[in-house]
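Below is one structure, written out as structure tokens; the observations come after it.
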Amino acid sequence: MNKDFTITAFTENHIGLLNRITSVFTRRHLNIESLNASESQIPGIHRFTIVLNTTEEMVKKLVLQLEKQVEVIKAIYHTDEETVFQEITLFKISVEKAAEDNLVERLIRDKNARILSVEQDFMIVEKTGHKVENDDLLEFLKPYGLIDYVKSGRVSLIKMDEELKDLKKLIKEAKQAEYKQSLN
Amino acid sequence: MEAVITQSVSEKVKTSGADAVLRSLVAEGVDLIFGYPGGAIMPVYDALYHYQEEIHHVLTRHEQGAIHAAQGYARATGGVGVVMATSGPGATNLITGIADAMIDSTPLVCITGQVASSLLGSDAFQETDIISISMPATKWNFQVTRAEDIPTALAKAFYIAKSGRPGPVLIDITKDAQFDQVEFDYKKCEAVRSYQPIPEVQPVAVQAAADLINQAEKPFVLFGQGVILGQAEEEFKTFIEKSGIPAAWTLLGLSALPTEHPLNVGMLGMHGNYGPNKLTNECDVLIAIGMRFDDRVTGNLSKYAKQAKVVHLDIDPSEINKNVKVDAPVLGDCKESLKQLTELVKRKSHQSWLDQFRTLNDIERAQVIQPELNPTEGQMTMGEVIKEVNELTEGEAILVTDVGQHQMVACRYTQFKQSKSNITSGGLGTMGFCLPAALGAKLGAPDREVIAVIGDGGFQMTIQELGTIFQTQAAVKIIILNNSFLGMVRQWQQLFFDKRYSSTELINPDFVKIAEGYGIKGKSIDQRDDLKSAVAEMLAYQGSFLLEVHVGKEDNVFPMVPTGASVSDVRLS
């Protein structure tokens, strides 16, 4: 049965690694729902957060294929219940339309969105939450002068960090290096 | 470059990046490389001029020839094959060989020249993004834009190529990095922090596997190239001899166990032997060692060994449960895991089970093998040619094959006494592999007889490498099994496409004349009476020799597991 899985991969920070990671999915004809790359708590180590809709059997194989890549240190997968995650959507809304109807303001309040910027003709609204919540607001805003919008990929933290124990050695090493540097 | 544990093996010296490439190769013990020069790799070739004592460079006639030769060299020696090419088309011509080496786990270091770093991305002359192109087909690749990174990149390349499950690595070096100066200090790479090449053997896992094996009444071993790559031939033999378990080989596992070993029950898969295919679906414990359940081995997965518990020994964690669900996985180097497993298994003999293999193989012998090896009328068969070669080489030769009918026949019937003696393109099925690979094998193992068995189709895919054989004077013996067809495709057309022979018939040139043009002695035969003397003449000849044998145009290879069928539905005709 297909469902959403979040794959977290810790990797070296090298040119082209993104390509190598996505090719694991491409060659199996799998579509990535979202992908986010950022630094991690370990200096020099990158963290990829990849969301895809597939079977558990497939995602098990995928993490092994990811770990097989020389520069991938660790890859793990989780269901939505096992992680805390967020996505951001930014909306560009016509100021004129919004002013016509105070519903927009109420929506922003009710949906825990916030206004980031107001310009002459438009304003930028940010909504952070789960994809369904953000999409919900999107549907509401569509009739009220929605000019443009953009969605981010998912970022997620794992509730239990037991599986990250392999990384502990690297974290320790990084801290030691940081400490040494602070002495100089 | 970071996170690499290294060991210094040379004194510091100031030199060019190009010279550093050669010094790095020397430090890795490389004395033979294959390649083809061009603009973006010229500084390295210029440096090579000064290393002719240390490093012998084989100039092939095409970069694909160079990489297949490096593969043949690696497979015959167990070492790392090194290949060099220029940017653009030079680099892209390596891709087929890289993909072949990746799927067949062959350790290669490919060094390509690249346009100067200031020109990257500008569509410069002979610029191609070889890093992106080769990425999914390499174990690791890296672009060097600074001379100072050359030694570390190459040290890492050799380490990654040969450690764990081996594979091809590509290092792309921009021209400015080749010209620039570097403080050369070579340190061999001994670890990369993000990479664990050999998982540690877990005693609990070995025990679980031993328990299944000890309870088994009809255990069956499948062995692959992992036994050869892990140099575990002795450990493997000891294991099967103690446990008394019949063992069958994959195409790449061939020669890890001598053909005549009493527990060797033959070949697995699509054109494998009758017994092992039939009994895969009767065994109670299937023990896979260093093999990956390729679809050509398993046939229809949903009908594959469903009754059996599966034990899988492999060095690559991603192979476990990839195609076949495993009950007792044993990760690690099989040289180590087999040793531990052998200690835990009971000494047994499974005589009646072994007899089942023999009974089935006897049926195959009568229906398929006998007429193939000992025909009395009609055109010559591929099998009888192989039989003659067997008799005269006594199982001591290295067999190099291409892809197709001749490959299946040669691998089915060649007798082997020692390991690393079967070199073929298995996973990728690369036509054109054989001729250059045979050259590389001969240069890597000059004291061994190297026999290249090729079809008339595949021979013409890399026919230009006759020039390299001529220039190197490598005494490769070439047998063309000529049926004037792309035989395997024709066989499928006959069996599954109502004999519509679409684009498979070949009108061939005079191969003997072509060989003679390259200074290679040639002979062509089409009569059975000439076969023995022709093979003898070929083997007795000092240099390279091309023997063309005209065989039956529409002969088929059997047994056969048709695509989509279960292995136990293997056909004898």
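Residues are referred to by chain and number: the chain letter is A, B, ... according to the order shown in the structure tokens, the number counts from 1 in that chain, and ligands are numbered separately from 1 in the order shown.
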Test item: chain A residues at most 6 Å from chain B, counting only C-alpha atoms, as a ChimeraX atom specification: /A:64-65,70-73
Contacts of region 293-295 of chain B at 12 Å (only C-alpha atoms; same-chain gap of 3+ positions) as a ChimeraX atom specification: /B:103-104,222-225,249-252,268-270,286-290,298-302,304-305,310,312-314,319-326,426-428,561-567
Straight-line distance linking CA of Ser573 (chain B) with CA of Val403 (chain B), stated in Å to one decimal: 21.2 Å
Shell of 12 Å around region 525-534 of chain B, only C-alpha atoms, local chain residues under 3 positions omitted, as a PyMOL selection string: chain B and resi 373-392+477+479-483+511-512+522+537-541+545-553
Nearest to Ile315 (chain B), chosen from A:Lys68, A:Ile158, A:Glu173, A:Thr8, with only C-alpha atoms counted in the distances: A:Lys68
Residue with smallest distance to Lys142 (chain A) - pool A:Gln181, A:Ser94, A:Gln86, A:Asn112, counting only C-alpha atoms: A:Ser94
Residues within 12 Å of Glu119 (chain A), only C-alpha atoms, excluding chain neighbours under 6 positions, as a list in words: Lys92, Ile93, Ser94, Val95, Glu96 and Val125 of chain A
Residues of region 104-147 of chain B in helix (DSSP H, G or I), written as a count of residues only: 12
